[in-house]
Amino acid sequence: CGVHWVILGHSERRHVFGESDELIGQKTAHALESGLGVIACIGEKLDERQAGITEKVVHALTKVLSDHVRQRLFVHLVHQSINVP
């Protein structure tokens, strides 16, 4: 028995620990190359949602992930709005 999946890009990692989109992309590539499945968390902050730029933010995050995936592999995306009631 071992680990088969990893969750990357969770809001705490991004906003508390300062992990950038680029770093999440690199971690995604490394995890896939290591044979792990990836659950990638993407989402906007409350101020971004209120500014009406949710799609822009989610697109940018997804683009960084896709730029790092070198082969046709599945990455599960999980949308989480941060600080949204």
# chains A, B, ... in the order shown; residues from 1 in each chain; ligands from 1
>>> select_by_dssp(residues="chain A", states="strand (DSSP E)", output="PyMOL selection string")
chain A and resi 5-8+37-42+75-79
>>> atom_distance(atom1="atom CA of A:Val38", atom2="atom CA of A:Gly18")
19.8 Å
>>> closest_residue(among="A:Gln71, A:Thr28, A:Ser20, A:Thr62", to="A:Ile42", atoms="only C-alpha atoms")
A:Thr62
>>> select_by_dssp(residues="chain A", states="alpha helix (DSSP H)", output="PyMOL selection string")
chain A and resi 11-15+21-33+46-50+54-68
>>> atom_distance(atom1="atom CA of A:Thr54", atom2="atom CA of A:Leu36")
28.6 Å
>>> atom_distance(atom1="atom CA of A:Arg14", atom2="atom CA of A:His30")
17.8 Å
>>> residues_around(residues="A:His4", least_positions_apart="2", cutoff="8 Å", atoms="only C-alpha atoms", output="PyMOL selection string")
chain A and resi 2+6+35-37
>>> residues_around(residues="A:Leu23", least_positions_apart="4", cutoff="10 Å", atoms="only C-alpha atoms", output="mmCIF file with C-alpha atoms, in the first residue's frame")
data_model
loop_
_atom_site.group_PDB
_atom_site.id
_atom_site.type_symbol
_atom_site.label_atom_id
_atom_site.label_comp_id
_atom_site.auth_asym_id
_atom_site.auth_seq_id
_atom_site.Cartn_x
_atom_site.Cartn_y
_atom_site.Cartn_z
ATOM 1 C CA LEU A 8 -1.488 20.476 -4.732
ATOM 2 C CA GLY A 9 -2.256 24.187 -4.705
ATOM 3 C CA ARG A 14 -0.774 29.512 -1.733
ATOM 4 C CA GLY A 18 3.340 31.841 -0.430
ATOM 5 C CA GLU A 19 3.492 29.042 -3.001
ATOM 6 C CA LYS A 27 5.134 20.323 -8.314
ATOM 7 C CA THR A 28 2.385 19.040 -10.599
ATOM 8 C CA ALA A 29 4.907 18.058 -13.267
ATOM 9 C CA VAL A 64 0.211 27.419 -15.619
ATOM 10 C CA LEU A 65 -0.719 23.832 -14.799
#
>>> residues_around(residues="A:Cys41", least_positions_apart="5", cutoff="6 Å", atoms="only C-alpha atoms", output="NGL selection string")
:A and (9-10 or 77-79)
>>> decode(residues="stretch 30-65 of chain A", atoms="N, CA, C and O atoms", output="PDB file, in the first residue's frame")
ATOM      1  N   HIS A  30       6.314  17.307 -11.445  1.00  0.00           N
ATOM      2  CA  HIS A  30       7.134  16.341 -10.708  1.00  0.00           C
ATOM      3  C   HIS A  30       6.287  15.170 -10.200  1.00  0.00           C
ATOM      4  O   HIS A  30       6.691  14.006 -10.301  1.00  0.00           O
ATOM      5  N   ALA A  31       5.118  15.486  -9.666  1.00  0.00           N
ATOM      6  CA  ALA A  31       4.238  14.427  -9.151  1.00  0.00           C
ATOM      7  C   ALA A  31       3.818  13.481 -10.275  1.00  0.00           C
ATOM      8  O   ALA A  31       3.848  12.261 -10.114  1.00  0.00           O
ATOM      9  N   LEU A  32       3.442  14.037 -11.433  1.00  0.00           N
ATOM     10  CA  LEU A  32       3.023  13.203 -12.558  1.00  0.00           C
ATOM     11  C   LEU A  32       4.176  12.347 -13.069  1.00  0.00           C
ATOM     12  O   LEU A  32       3.995  11.167 -13.367  1.00  0.00           O
ATOM     13  N   GLU A  33       5.361  12.947 -13.154  1.00  0.00           N
ATOM     14  CA  GLU A  33       6.541  12.199 -13.601  1.00  0.00           C
ATOM     15  C   GLU A  33       6.898  11.080 -12.620  1.00  0.00           C
ATOM     16  O   GLU A  33       7.507  10.082 -13.008  1.00  0.00           O
ATOM     17  N   SER A  34       6.504  11.244 -11.368  1.00  0.00           N
ATOM     18  CA  SER A  34       6.772  10.239 -10.336  1.00  0.00           C
ATOM     19  C   SER A  34       5.681   9.177 -10.256  1.00  0.00           C
ATOM     20  O   SER A  34       5.727   8.302  -9.394  1.00  0.00           O
ATOM     21  N   GLY A  35       4.681   9.288 -11.118  1.00  0.00           N
ATOM     22  CA  GLY A  35       3.625   8.293 -11.162  1.00  0.00           C
ATOM     23  C   GLY A  35       2.448   8.554 -10.245  1.00  0.00           C
ATOM     24  O   GLY A  35       1.599   7.683 -10.051  1.00  0.00           O
ATOM     25  N   LEU A  36       2.380   9.739  -9.671  1.00  0.00           N
ATOM     26  CA  LEU A  36       1.258  10.085  -8.796  1.00  0.00           C
ATOM     27  C   LEU A  36       0.141  10.745  -9.590  1.00  0.00           C
ATOM     28  O   LEU A  36       0.397  11.440 -10.579  1.00  0.00           O
ATOM     29  N   GLY A  37      -1.083  10.570  -9.138  1.00  0.00           N
ATOM     30  CA  GLY A  37      -2.196  11.336  -9.661  1.00  0.00           C
ATOM     31  C   GLY A  37      -2.236  12.664  -8.930  1.00  0.00           C
ATOM     32  O   GLY A  37      -1.807  12.762  -7.779  1.00  0.00           O
ATOM     33  N   VAL A  38      -2.721  13.701  -9.588  1.00  0.00           N
ATOM     34  CA  VAL A  38      -2.734  15.043  -8.991  1.00  0.00           C
ATOM     35  C   VAL A  38      -4.156  15.553  -8.879  1.00  0.00           C
ATOM     36  O   VAL A  38      -4.925  15.512  -9.839  1.00  0.00           O
ATOM     37  N   ILE A  39      -4.487  16.048  -7.698  1.00  0.00           N
ATOM     38  CA  ILE A  39      -5.708  16.812  -7.471  1.00  0.00           C
ATOM     39  C   ILE A  39      -5.239  18.245  -7.270  1.00  0.00           C
ATOM     40  O   ILE A  39      -4.601  18.567  -6.262  1.00  0.00           O
ATOM     41  N   ALA A  40      -5.485  19.093  -8.275  1.00  0.00           N
ATOM     42  CA  ALA A  40      -5.004  20.475  -8.244  1.00  0.00           C
ATOM     43  C   ALA A  40      -6.132  21.402  -7.807  1.00  0.00           C
ATOM     44  O   ALA A  40      -7.200  21.427  -8.411  1.00  0.00           O
ATOM     45  N   CYS A  41      -5.893  22.158  -6.752  1.00  0.00           N
ATOM     46  CA  CYS A  41      -6.877  23.115  -6.240  1.00  0.00           C
ATOM     47  C   CYS A  41      -6.671  24.453  -6.946  1.00  0.00           C
ATOM     48  O   CYS A  41      -5.561  24.987  -6.972  1.00  0.00           O
ATOM     49  N   ILE A  42      -7.736  24.970  -7.517  1.00  0.00           N
ATOM     50  CA  ILE A  42      -7.691  26.282  -8.149  1.00  0.00           C
ATOM     51  C   ILE A  42      -8.866  27.088  -7.622  1.00  0.00           C
ATOM     52  O   ILE A  42      -9.876  26.532  -7.228  1.00  0.00           O
ATOM     53  N   GLY A  43      -8.721  28.379  -7.599  1.00  0.00           N
ATOM     54  CA  GLY A  43      -9.830  29.203  -7.133  1.00  0.00           C
ATOM     55  C   GLY A  43      -9.429  30.638  -6.931  1.00  0.00           C
ATOM     56  O   GLY A  43      -8.257  30.988  -6.930  1.00  0.00           O
ATOM     57  N   GLU A  44     -10.430  31.457  -6.759  1.00  0.00           N
ATOM     58  CA  GLU A  44     -10.218  32.888  -6.607  1.00  0.00           C
ATOM     59  C   GLU A  44     -10.443  33.309  -5.165  1.00  0.00           C
ATOM     60  O   GLU A  44     -11.145  32.633  -4.417  1.00  0.00           O
ATOM     61  N   LYS A  45      -9.829  34.429  -4.805  1.00  0.00           N
ATOM     62  CA  LYS A  45     -10.066  35.015  -3.484  1.00  0.00           C
ATOM     63  C   LYS A  45     -11.346  35.846  -3.546  1.00  0.00           C
ATOM     64  O   LYS A  45     -11.845  36.162  -4.630  1.00  0.00           O
ATOM     65  N   LEU A  46     -11.867  36.187  -2.386  1.00  0.00           N
ATOM     66  CA  LEU A  46     -13.119  36.932  -2.312  1.00  0.00           C
ATOM     67  C   LEU A  46     -13.040  38.246  -3.091  1.00  0.00           C
ATOM     68  O   LEU A  46     -13.944  38.569  -3.858  1.00  0.00           O
ATOM     69  N   ASP A  47     -11.954  38.983  -2.926  1.00  0.00           N
ATOM     70  CA  ASP A  47     -11.841  40.268  -3.630  1.00  0.00           C
ATOM     71  C   ASP A  47     -11.795  40.076  -5.147  1.00  0.00           C
ATOM     72  O   ASP A  47     -12.311  40.900  -5.906  1.00  0.00           O
ATOM     73  N   GLU A  48     -11.230  38.972  -5.604  1.00  0.00           N
ATOM     74  CA  GLU A  48     -11.200  38.682  -7.044  1.00  0.00           C
ATOM     75  C   GLU A  48     -12.597  38.335  -7.548  1.00  0.00           C
ATOM     76  O   GLU A  48     -13.002  38.757  -8.630  1.00  0.00           O
ATOM     77  N   ARG A  49     -13.336  37.584  -6.748  1.00  0.00           N
ATOM     78  CA  ARG A  49     -14.711  37.245  -7.130  1.00  0.00           C
ATOM     79  C   ARG A  49     -15.562  38.508  -7.185  1.00  0.00           C
ATOM     80  O   ARG A  49     -16.315  38.727  -8.128  1.00  0.00           O
ATOM     81  N   GLN A  50     -15.419  39.364  -6.182  1.00  0.00           N
ATOM     82  CA  GLN A  50     -16.205  40.597  -6.136  1.00  0.00           C
ATOM     83  C   GLN A  50     -15.840  41.535  -7.284  1.00  0.00           C
ATOM     84  O   GLN A  50     -16.674  42.310  -7.738  1.00  0.00           O
ATOM     85  N   ALA A  51     -14.593  41.464  -7.740  1.00  0.00           N
ATOM     86  CA  ALA A  51     -14.153  42.293  -8.864  1.00  0.00           C
ATOM     87  C   ALA A  51     -14.591  41.714 -10.211  1.00  0.00           C
ATOM     88  O   ALA A  51     -14.355  42.321 -11.255  1.00  0.00           O
ATOM     89  N   GLY A  52     -15.205  40.518 -10.173  1.00  0.00           N
ATOM     90  CA  GLY A  52     -15.706  39.906 -11.393  1.00  0.00           C
ATOM     91  C   GLY A  52     -14.630  39.281 -12.272  1.00  0.00           C
ATOM     92  O   GLY A  52     -14.817  39.141 -13.479  1.00  0.00           O
ATOM     93  N   ILE A  53     -13.508  38.894 -11.661  1.00  0.00           N
ATOM     94  CA  ILE A  53     -12.413  38.330 -12.457  1.00  0.00           C
ATOM     95  C   ILE A  53     -12.171  36.851 -12.160  1.00  0.00           C
ATOM     96  O   ILE A  53     -11.078  36.334 -12.399  1.00  0.00           O
ATOM     97  N   THR A  54     -13.199  36.161 -11.672  1.00  0.00           N
ATOM     98  CA  THR A  54     -13.068  34.733 -11.357  1.00  0.00           C
ATOM     99  C   THR A  54     -12.542  33.943 -12.553  1.00  0.00           C
ATOM    100  O   THR A  54     -11.585  33.188 -12.425  1.00  0.00           O
ATOM    101  N   GLU A  55     -13.167  34.118 -13.715  1.00  0.00           N
ATOM    102  CA  GLU A  55     -12.750  33.351 -14.894  1.00  0.00           C
ATOM    103  C   GLU A  55     -11.306  33.648 -15.273  1.00  0.00           C
ATOM    104  O   GLU A  55     -10.561  32.739 -15.649  1.00  0.00           O
ATOM    105  N   LYS A  56     -10.903  34.894 -15.185  1.00  0.00           N
ATOM    106  CA  LYS A  56      -9.530  35.287 -15.518  1.00  0.00           C
ATOM    107  C   LYS A  56      -8.533  34.602 -14.579  1.00  0.00           C
ATOM    108  O   LYS A  56      -7.513  34.063 -15.016  1.00  0.00           O
ATOM    109  N   VAL A  57      -8.833  34.604 -13.287  1.00  0.00           N
ATOM    110  CA  VAL A  57      -7.954  33.993 -12.286  1.00  0.00           C
ATOM    111  C   VAL A  57      -7.875  32.480 -12.492  1.00  0.00           C
ATOM    112  O   VAL A  57      -6.779  31.909 -12.526  1.00  0.00           O
ATOM    113  N   VAL A  58      -9.016  31.831 -12.648  1.00  0.00           N
ATOM    114  CA  VAL A  58      -9.044  30.379 -12.828  1.00  0.00           C
ATOM    115  C   VAL A  58      -8.349  29.990 -14.132  1.00  0.00           C
ATOM    116  O   VAL A  58      -7.600  29.012 -14.180  1.00  0.00           O
ATOM    117  N   HIS A  59      -8.550  30.762 -15.182  1.00  0.00           N
ATOM    118  CA  HIS A  59      -7.877  30.487 -16.459  1.00  0.00           C
ATOM    119  C   HIS A  59      -6.363  30.584 -16.298  1.00  0.00           C
ATOM    120  O   HIS A  59      -5.624  29.721 -16.794  1.00  0.00           O
ATOM    121  N   ALA A  60      -5.888  31.614 -15.619  1.00  0.00           N
ATOM    122  CA  ALA A  60      -4.446  31.786 -15.431  1.00  0.00           C
ATOM    123  C   ALA A  60      -3.843  30.611 -14.654  1.00  0.00           C
ATOM    124  O   ALA A  60      -2.776  30.103 -15.011  1.00  0.00           O
ATOM    125  N   LEU A  61      -4.520  30.187 -13.587  1.00  0.00           N
ATOM    126  CA  LEU A  61      -4.025  29.061 -12.796  1.00  0.00           C
ATOM    127  C   LEU A  61      -4.008  27.776 -13.621  1.00  0.00           C
ATOM    128  O   LEU A  61      -3.045  26.999 -13.584  1.00  0.00           O
ATOM    129  N   THR A  62      -5.070  27.556 -14.385  1.00  0.00           N
ATOM    130  CA  THR A  62      -5.161  26.363 -15.218  1.00  0.00           C
ATOM    131  C   THR A  62      -4.098  26.380 -16.314  1.00  0.00           C
ATOM    132  O   THR A  62      -3.497  25.355 -16.635  1.00  0.00           O
ATOM    133  N   LYS A  63      -3.821  27.549 -16.870  1.00  0.00           N
ATOM    134  CA  LYS A  63      -2.804  27.686 -17.923  1.00  0.00           C
ATOM    135  C   LYS A  63      -1.435  27.302 -17.392  1.00  0.00           C
ATOM    136  O   LYS A  63      -0.677  26.580 -18.052  1.00  0.00           O
ATOM    137  N   VAL A  64      -1.086  27.764 -16.202  1.00  0.00           N
ATOM    138  CA  VAL A  64       0.211  27.419 -15.619  1.00  0.00           C
ATOM    139  C   VAL A  64       0.316  25.907 -15.439  1.00  0.00           C
ATOM    140  O   VAL A  64       1.356  25.312 -15.753  1.00  0.00           O
ATOM    141  N   LEU A  65      -0.735  25.292 -14.956  1.00  0.00           N
ATOM    142  CA  LEU A  65      -0.719  23.832 -14.799  1.00  0.00           C
ATOM    143  C   LEU A  65      -0.524  23.143 -16.145  1.00  0.00           C
ATOM    144  O   LEU A  65       0.314  22.251 -16.282  1.00  0.00           O
TER     145      LEU A  65
END
